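Quick look at protein.pdb (PDB, C-alpha atoms and all ligand atoms):
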```
ATOM      1  CA  MET M   2      17.708 -16.106  -3.312  1.00  0.00           C
ATOM      2  CA  SER M   3      18.664 -13.852  -6.221  1.00  0.00           C
ATOM      3  CA  GLU M   4      21.911 -11.971  -6.096  1.00  0.00           C
ATOM      4  CA  ASN M   5      20.865  -9.062  -8.263  1.00  0.00           C
ATOM      5  CA  ASN M   6      19.597  -6.943  -5.383  1.00  0.00           C
ATOM      6  CA  LYS M   7      23.132  -6.372  -4.140  1.00  0.00           C
ATOM      7  CA  ASN M   8      23.509  -2.871  -5.513  1.00  0.00           C
ATOM      8  CA  ASN M   9      20.514  -1.729  -3.465  1.00  0.00           C
ATOM      9  CA  LYS M  10      19.290   0.735  -6.086  1.00  0.00           C
ATOM     10  CA  ASN M  11      15.900   0.979  -4.388  1.00  0.00           C
ATOM     11  CA  ARG M  12      17.206   1.921  -1.011  1.00  0.00           C
ATOM     12  CA  GLU M  13      14.340   4.314  -0.420  1.00  0.00           C
ATOM     13  CA  LEU M  14      11.774   1.583  -1.013  1.00  0.00           C
ATOM     14  CA  GLU M  15      11.412  -1.474   1.137  1.00  0.00           C
ATOM     15  CA  LEU M  16      10.337  -4.212  -1.238  1.00  0.00           C
ATOM     16  CA  ILE M  17      10.620  -7.086   1.191  1.00  0.00           C
ATOM     17  CA  CYS M  18       7.332  -8.865   1.819  1.00  0.00           C
ATOM     18  CA  PRO M  19       6.051  -7.853   5.286  1.00  0.00           C
ATOM     19  CA  ILE M  20       4.432 -11.270   5.748  1.00  0.00           C
ATOM     20  CA  CYS M  21       6.959 -13.906   4.639  1.00  0.00           C
ATOM     21  CA  LYS M  22      10.053 -11.657   4.190  1.00  0.00           C
ATOM     22  CA  GLY M  23      10.449 -12.888   0.637  1.00  0.00           C
ATOM     23  CA  ASN M  24      11.611 -10.527  -2.086  1.00  0.00           C
ATOM     24  CA  ASP M  25       9.366 -11.669  -4.926  1.00  0.00           C
ATOM     25  CA  CYS M  26       5.908 -10.990  -3.477  1.00  0.00           C
ATOM     26  CA  ILE M  27       5.873  -7.227  -4.084  1.00  0.00           C
ATOM     27  CA  ILE M  28       5.652  -6.049  -7.698  1.00  0.00           C
ATOM     28  CA  GLU M  29       8.168  -3.240  -8.071  1.00  0.00           C
ATOM     29  CA  SER M  30       6.581  -1.760 -11.213  1.00  0.00           C
ATOM     30  CA  VAL M  31       3.226  -1.513  -9.411  1.00  0.00           C
ATOM     31  CA  VAL M  32       4.909   0.222  -6.472  1.00  0.00           C
ATOM     32  CA  LYS M  33       6.442   2.805  -8.792  1.00  0.00           C
ATOM     33  CA  LEU M  34       3.177   3.370 -10.637  1.00  0.00           C
ATOM     34  CA  TYR M  35       1.282   3.737  -7.383  1.00  0.00           C
ATOM     35  CA  LEU M  36       3.787   6.184  -5.903  1.00  0.00           C
ATOM     36  CA  SER M  37       3.705   8.326  -9.030  1.00  0.00           C
ATOM     37  CA  MET M  38      -0.102   8.427  -8.840  1.00  0.00           C
ATOM     38  CA  VAL M  39      -0.373   9.088  -5.113  1.00  0.00           C
ATOM     39  CA  GLU M  40       2.082  11.966  -5.442  1.00  0.00           C
ATOM     40  CA  LYS M  41      -0.756  13.986  -6.951  1.00  0.00           C
ATOM     41  CA  PHE M  42      -3.123  13.287  -4.086  1.00  0.00           C
ATOM     42  CA  PRO M  43      -2.373  16.438  -2.017  1.00  0.00           C
ATOM     43  CA  LYS M  44      -3.625  18.521  -4.960  1.00  0.00           C
ATOM     44  CA  TYR M  45      -7.161  17.265  -4.635  1.00  0.00           C
ATOM     45  CA  GLN M  46      -7.150  16.398  -0.952  1.00  0.00           C
ATOM     46  CA  ASP M  47     -10.007  18.051   0.933  1.00  0.00           C
ATOM     47  CA  GLU M  48     -10.064  17.547   4.691  1.00  0.00           C
ATOM     48  CA  ASN M  49     -13.647  18.786   4.897  1.00  0.00           C
ATOM     49  CA  SER M  50     -14.989  16.591   2.145  1.00  0.00           C
ATOM     50  CA  GLU M  51     -17.871  14.184   2.706  1.00  0.00           C
ATOM     51  CA  SER M  52     -16.006  11.619   0.650  1.00  0.00           C
ATOM     52  CA  ILE M  53     -13.271   9.688   2.404  1.00  0.00           C
ATOM     53  CA  TYR M  54     -11.572   9.306  -0.966  1.00  0.00           C
ATOM     54  CA  GLN M  55     -10.909  13.036  -0.940  1.00  0.00           C
ATOM     55  CA  LYS M  56      -9.881  13.106   2.694  1.00  0.00           C
ATOM     56  CA  TYR M  57      -7.364  10.290   2.688  1.00  0.00           C
ATOM     57  CA  PRO M  58      -5.132   8.665   0.090  1.00  0.00           C
ATOM     58  CA  THR M  59      -5.843   5.071  -0.920  1.00  0.00           C
ATOM     59  CA  VAL M  60      -3.388   2.383   0.100  1.00  0.00           C
ATOM     60  CA  GLY M  61      -1.263   0.911  -2.664  1.00  0.00           C
ATOM     61  CA  ASP M  62      -2.222  -2.635  -3.604  1.00  0.00           C
ATOM     62  CA  ILE M  63       1.264  -3.746  -4.530  1.00  0.00           C
ATOM     63  CA  GLY M  64       1.210  -7.513  -4.647  1.00  0.00           C
ATOM     64  CA  GLU M  65       0.160 -10.789  -3.151  1.00  0.00           C
ATOM     65  CA  CYS M  66       2.244 -12.821  -0.749  1.00  0.00           C
ATOM     66  CA  LYS M  67       3.341 -15.935  -2.633  1.00  0.00           C
ATOM     67  CA  LYS M  68       3.279 -18.017   0.532  1.00  0.00           C
ATOM     68  CA  THR M  69       0.109 -16.866   2.285  1.00  0.00           C
ATOM     69  CA  PHE M  70      -1.887 -15.416  -0.672  1.00  0.00           C
ATOM     70  CA  LYS M  71      -2.631 -12.312   1.366  1.00  0.00           C
ATOM     71  CA  ARG M  72      -2.630  -8.925  -0.301  1.00  0.00           C
ATOM     72  CA  ILE M  73       0.263  -6.592   0.404  1.00  0.00           C
ATOM     73  CA  TRP M  74      -0.462  -2.898   0.778  1.00  0.00           C
ATOM     74  CA  LEU M  75       1.792   0.130   0.751  1.00  0.00           C
ATOM     75  CA  CYS M  76       1.442   3.271   2.856  1.00  0.00           C
ATOM     76  CA  PRO M  77       2.054   6.426   0.787  1.00  0.00           C
ATOM     77  CA  TYR M  78       3.343   8.345   3.829  1.00  0.00           C
ATOM     78  CA  CYS M  79       6.055   6.100   5.240  1.00  0.00           C
ATOM     79  CA  LYS M  80       6.356   4.064   1.997  1.00  0.00           C
ATOM     80  CA  ARG M  81       6.452   0.818   3.895  1.00  0.00           C
ATOM     81  CA  PRO M  82       4.470  -2.279   2.910  1.00  0.00           C
ATOM     82  CA  PHE M  83       2.107  -4.018   5.301  1.00  0.00           C
ATOM     83  CA  GLU M  84      -0.288  -6.950   5.305  1.00  0.00           C
ATOM     84  CA  SER M  85      -3.819  -6.063   4.186  1.00  0.00           C
ATOM     85  CA  ASN M  86      -6.029  -5.836   7.234  1.00  0.00           C
ATOM     86  CA  TYR M  87      -9.331  -4.496   6.046  1.00  0.00           C
ATOM     87  CA  ALA M  88     -12.591  -5.126   7.838  1.00  0.00           C
ATOM     88  CA  LEU M  89     -15.635  -5.383   5.617  1.00  0.00           C
ATOM     89  CA  GLU M  90     -17.637  -2.713   7.356  1.00  0.00           C
ATOM     90  CA  LYS M  91     -14.825  -0.203   7.299  1.00  0.00           C
ATOM     91  CA  ALA M  92     -13.625   1.912   4.419  1.00  0.00           C
ATOM     92  CA  THR M  93     -10.354   2.997   5.975  1.00  0.00           C
ATOM     93  CA  VAL M  94      -7.355   1.425   7.680  1.00  0.00           C
ATOM     94  CA  ASN M  95      -4.548   2.816   9.768  1.00  0.00           C
ATOM     95  CA  CYS M  96      -1.017   2.164   8.643  1.00  0.00           C
ATOM     96  CA  PRO M  97       0.551  -0.165  11.247  1.00  0.00           C
ATOM     97  CA  ASN M  98       3.905   1.574  10.747  1.00  0.00           C
ATOM     98  CA  CYS M  99       3.087   5.282  10.996  1.00  0.00           C
ATOM     99  CA  GLY M 100      -0.610   5.330  11.979  1.00  0.00           C
ATOM    100  CA  SER M 101      -1.824   7.354   8.984  1.00  0.00           C
ATOM    101  CA  THR M 102      -5.463   6.944   7.941  1.00  0.00           C
ATOM    102  CA  LEU M 103      -5.773   5.424   4.482  1.00  0.00           C
ATOM    103  CA  CYS M 104      -8.660   4.369   2.247  1.00  0.00           C
ATOM    104  CA  ILE M 105      -9.084   0.753   1.273  1.00  0.00           C
ATOM    105  CA  PRO M 106      -9.004   0.068  -2.480  1.00  0.00           C
ATOM    106  CA  VAL M 107     -12.551  -0.115  -3.834  1.00  0.00           C
ATOM    107  CA  SER M 108     -12.031  -3.608  -5.215  1.00  0.00           C
ATOM    108  CA  HIS M 109     -11.741  -4.937  -1.676  1.00  0.00           C
ATOM    109  CA  ARG M 110     -15.101  -3.691  -0.569  1.00  0.00           C
ATOM    110  CA  THR M 111     -18.497  -5.123  -1.194  1.00  0.00           C
ATOM    111  CA  PHE M 112     -21.470  -2.984  -2.091  1.00  0.00           C
ATOM    112  CA  CYS M 113     -24.616  -4.869  -1.276  1.00  0.00           C
TER     113      CYS M 113
HETATM  114 ZN    ZN M 201       5.340 -12.954   0.985  1.00  0.00          ZN
HETATM  115 ZN    ZN M 202       2.661   4.500   7.039  1.00  0.00          ZN
END
```
If you took the structure in this file and wrote it as structure tokens, what would it be?
Amino acid sequence: MSENNKNNKNRELELICPICKGNDCIIESVVKLYLSMVEKFPKYQDENSESIYQKYPTVGDIGECKKTFKRIWLCPYCKRPFESNYALEKATVNCPNCGSTLCIPVSHRTFC
């Protein structure tokens, strides 16, 4: 599609959609914002906490697949995107790439 990705300036980040392999589903600015926020997570991480939000980092909600309208999430450990795969009764997911436990963004859960 576009030719302006040739210089590969984001080599450390994989911004290809994990669902349709397109390169305009993931929002790069959201990825950068998320990574800068999640960087601080280890400072308040508490393995013994009652709250899962203190035990595990929250996945990055980094875009929506333009072809399938599914949400695209980013793992803060391996920094690879994956298709959202939350189950309603669960508050965490495991990264399909590296297996890390991650919290689901609150907006995807129902409280009722
Ligand atoms: Zn896509
Ligand atoms: Zn991962």
Mind running chain M against ligand ZN 201 (chain M) at 9 Å and telling me each contacting residue's nearest atom pair with the distance in Å (one decimal), counting all atoms listed in the file, chain and number ascending, as a tab-separated table?
```
residue	atom	partner	partner_atom	distance
M:Ile17	CA	M:ZN201	ZN	7.9
M:Cys18	CA	M:ZN201	ZN	4.6
M:Pro19	CA	M:ZN201	ZN	6.7
M:Ile20	CA	M:ZN201	ZN	5.1
M:Cys21	CA	M:ZN201	ZN	4.1
M:Lys22	CA	M:ZN201	ZN	5.8
M:Gly23	CA	M:ZN201	ZN	5.1
M:Asn24	CA	M:ZN201	ZN	7.4
M:Asp25	CA	M:ZN201	ZN	7.3
M:Cys26	CA	M:ZN201	ZN	4.9
M:Ile27	CA	M:ZN201	ZN	7.7
M:Gly64	CA	M:ZN201	ZN	8.9
M:Glu65	CA	M:ZN201	ZN	7.0
M:Cys66	CA	M:ZN201	ZN	3.6
M:Lys67	CA	M:ZN201	ZN	5.1
M:Lys68	CA	M:ZN201	ZN	5.5
M:Thr69	CA	M:ZN201	ZN	6.7
M:Phe70	CA	M:ZN201	ZN	7.8
M:Lys71	CA	M:ZN201	ZN	8.0
M:Ile73	CA	M:ZN201	ZN	8.2
```
**Request:** Select, from M:Leu89, M:Cys76, M:Ile105, M:Leu36, the residue with the minimum atom-to-atom distance to ligand ZN 202 (chain M), counting all atoms listed in the file.
**Result:**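 Of M:Leu89, M:Cys76, M:Ile105, M:Leu36, the one nearest ligand ZN 202 (chain M) is M:Cys76, counting all atoms listed in the file.
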**Test item: residues at most 12 Å from Phe42 of chain M, all atoms listed in the file, excluding those fewer than 3 positions along its chain, as a count of residues only** = 19
**Request:** Would you list the residues that come within 8 Å of ligand ZN 202 (chain M)? Count all atoms listed in the file and give the answer as a list in words.
**Result:**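 Listed by chain and ascending number, the contacts are Leu75, Cys76, Pro77, Tyr78, Cys79, Lys80, Arg81, Asn95, Cys96, Pro97, Asn98, Cys99, Gly100 and Ser101 of chain M.
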**Message:** If I take atom CA of Leu16 of chain M and atom CA of Trp74 of chain M, how far is one from the other in Å, to one decimal?
**Reply:**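 Taking atom CA of Leu16 of chain M as the start and atom CA of Trp74 of chain M as the end point, the length is 11.1 Å.
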**Asked** atom CA of Glu40 of chain M and atom CA of Glu90 of chain M are how many Å apart?
**Response**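 Rounded to one decimal, the two atoms are 27.7 Å apart.
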**Prompt:** Which residues, written as a PyMOL selection string, have at least one atom at most 8 Å from Ala92 of chain M, with only C-alpha atoms counted and residues fewer than 4 positions away on the same chain left out?
**Reply:** chain M and resi 87-88+104-105+110
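Between atom CA of Arg72 of chain M and atom CA of Glu51 of chain M there is a distance of 27.8 Å.
Residue nearest Thr102 of chain M, chosen from M:Leu34, M:Ile28, M:Ile53, M:Ile63 and counting only C-alpha atoms: M:Ile53.
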Could you work out an axis-aligned bounding box for all listed atoms of segment 22-32 of chain M, with 3 Å added on each of the six sides, and give its centre and edge lengths in Å to one decimal, as AutoDock Vina command-line options?
```
--center_x 7.4 --center_y -6.3 --center_z -3.5 --size_x 14.4 --size_y 19.1 --size_z 21.4
```
Kindly output segment 21-56 of chain M as a compact mmCIF listing (two decimals), in the frame of the given file, after building N, CA and C atoms.
```
# COMPACT_ATOMS: atom_id res chain seq x y z
N CYS M 21 6.05 -12.75 4.66
CA CYS M 21 6.96 -13.91 4.64
C CYS M 21 8.42 -13.50 4.50
N LYS M 22 8.69 -12.20 4.35
CA LYS M 22 10.05 -11.66 4.19
C LYS M 22 10.70 -12.05 2.87
N GLY M 23 9.92 -12.54 1.96
CA GLY M 23 10.45 -12.89 0.64
C GLY M 23 10.63 -11.64 -0.20
N ASN M 24 11.42 -11.73 -1.26
CA ASN M 24 11.61 -10.53 -2.09
C ASN M 24 10.97 -10.64 -3.46
N ASP M 25 10.06 -11.60 -3.64
CA ASP M 25 9.37 -11.67 -4.93
C ASP M 25 7.84 -11.60 -4.79
N CYS M 26 7.36 -11.12 -3.66
CA CYS M 26 5.91 -10.99 -3.48
C CYS M 26 5.43 -9.61 -3.94
N ILE M 27 6.24 -8.59 -3.73
CA ILE M 27 5.87 -7.23 -4.08
C ILE M 27 6.29 -6.95 -5.53
N ILE M 28 5.38 -6.34 -6.29
CA ILE M 28 5.65 -6.05 -7.70
C ILE M 28 6.20 -4.63 -7.80
N GLU M 29 7.49 -4.53 -8.09
CA GLU M 29 8.17 -3.24 -8.07
C GLU M 29 7.54 -2.23 -9.04
N SER M 30 7.15 -2.70 -10.23
CA SER M 30 6.58 -1.76 -11.21
C SER M 30 5.25 -1.19 -10.71
N VAL M 31 4.50 -1.99 -9.96
CA VAL M 31 3.23 -1.51 -9.41
C VAL M 31 3.49 -0.48 -8.31
N VAL M 32 4.53 -0.73 -7.52
CA VAL M 32 4.91 0.22 -6.47
C VAL M 32 5.24 1.58 -7.09
N LYS M 33 6.03 1.55 -8.16
CA LYS M 33 6.44 2.80 -8.79
C LYS M 33 5.26 3.53 -9.40
N LEU M 34 4.37 2.78 -10.04
CA LEU M 34 3.18 3.37 -10.64
C LEU M 34 2.29 3.99 -9.55
N TYR M 35 2.11 3.25 -8.48
CA TYR M 35 1.28 3.74 -7.38
C TYR M 35 1.86 5.01 -6.78
N LEU M 36 3.17 5.00 -6.52
CA LEU M 36 3.79 6.18 -5.90
C LEU M 36 3.71 7.41 -6.82
N SER M 37 3.80 7.18 -8.12
CA SER M 37 3.70 8.33 -9.03
C SER M 37 2.27 8.86 -9.07
N MET M 38 1.29 7.98 -8.86
CA MET M 38 -0.10 8.43 -8.84
C MET M 38 -0.45 9.13 -7.53
N VAL M 39 0.00 8.56 -6.42
CA VAL M 39 -0.37 9.09 -5.11
C VAL M 39 0.31 10.42 -4.82
N GLU M 40 1.39 10.68 -5.54
CA GLU M 40 2.08 11.97 -5.44
C GLU M 40 1.14 13.14 -5.71
N LYS M 41 0.17 12.91 -6.58
CA LYS M 41 -0.76 13.99 -6.95
C LYS M 41 -1.88 14.15 -5.95
N PHE M 42 -2.00 13.23 -5.01
CA PHE M 42 -3.12 13.29 -4.09
C PHE M 42 -3.27 14.61 -3.32
N PRO M 43 -2.21 15.18 -2.77
CA PRO M 43 -2.37 16.44 -2.02
C PRO M 43 -3.06 17.54 -2.81
N LYS M 44 -2.99 17.49 -4.14
CA LYS M 44 -3.62 18.52 -4.96
C LYS M 44 -5.14 18.49 -4.87
N TYR M 45 -5.71 17.31 -4.74
CA TYR M 45 -7.16 17.26 -4.64
C TYR M 45 -7.65 16.81 -3.26
N GLN M 46 -6.75 16.76 -2.30
CA GLN M 46 -7.15 16.40 -0.95
C GLN M 46 -8.02 17.50 -0.35
N ASP M 47 -9.10 17.10 0.30
CA ASP M 47 -10.01 18.05 0.93
C ASP M 47 -10.42 17.49 2.29
N GLU M 48 -9.82 18.04 3.32
CA GLU M 48 -10.06 17.55 4.69
C GLU M 48 -11.53 17.64 5.11
N ASN M 49 -12.26 18.57 4.50
CA ASN M 49 -13.65 18.79 4.90
C ASN M 49 -14.64 18.04 4.01
N SER M 50 -14.11 17.28 3.09
CA SER M 50 -14.99 16.59 2.14
C SER M 50 -15.84 15.53 2.83
N GLU M 51 -17.01 15.27 2.24
CA GLU M 51 -17.87 14.18 2.71
C GLU M 51 -17.29 12.84 2.28
N SER M 52 -16.54 12.86 1.21
CA SER M 52 -16.01 11.62 0.65
C SER M 52 -14.66 11.28 1.28
N ILE M 53 -14.55 10.08 1.81
CA ILE M 53 -13.27 9.69 2.40
C ILE M 53 -12.18 9.60 1.35
N TYR M 54 -12.59 9.41 0.09
CA TYR M 54 -11.57 9.31 -0.97
C TYR M 54 -10.93 10.65 -1.28
N GLN M 55 -11.55 11.72 -0.81
CA GLN M 55 -10.91 13.04 -0.94
C GLN M 55 -10.17 13.43 0.33
N LYS M 56 -10.54 12.79 1.43
CA LYS M 56 -9.88 13.11 2.69
C LYS M 56 -8.55 12.39 2.85
```
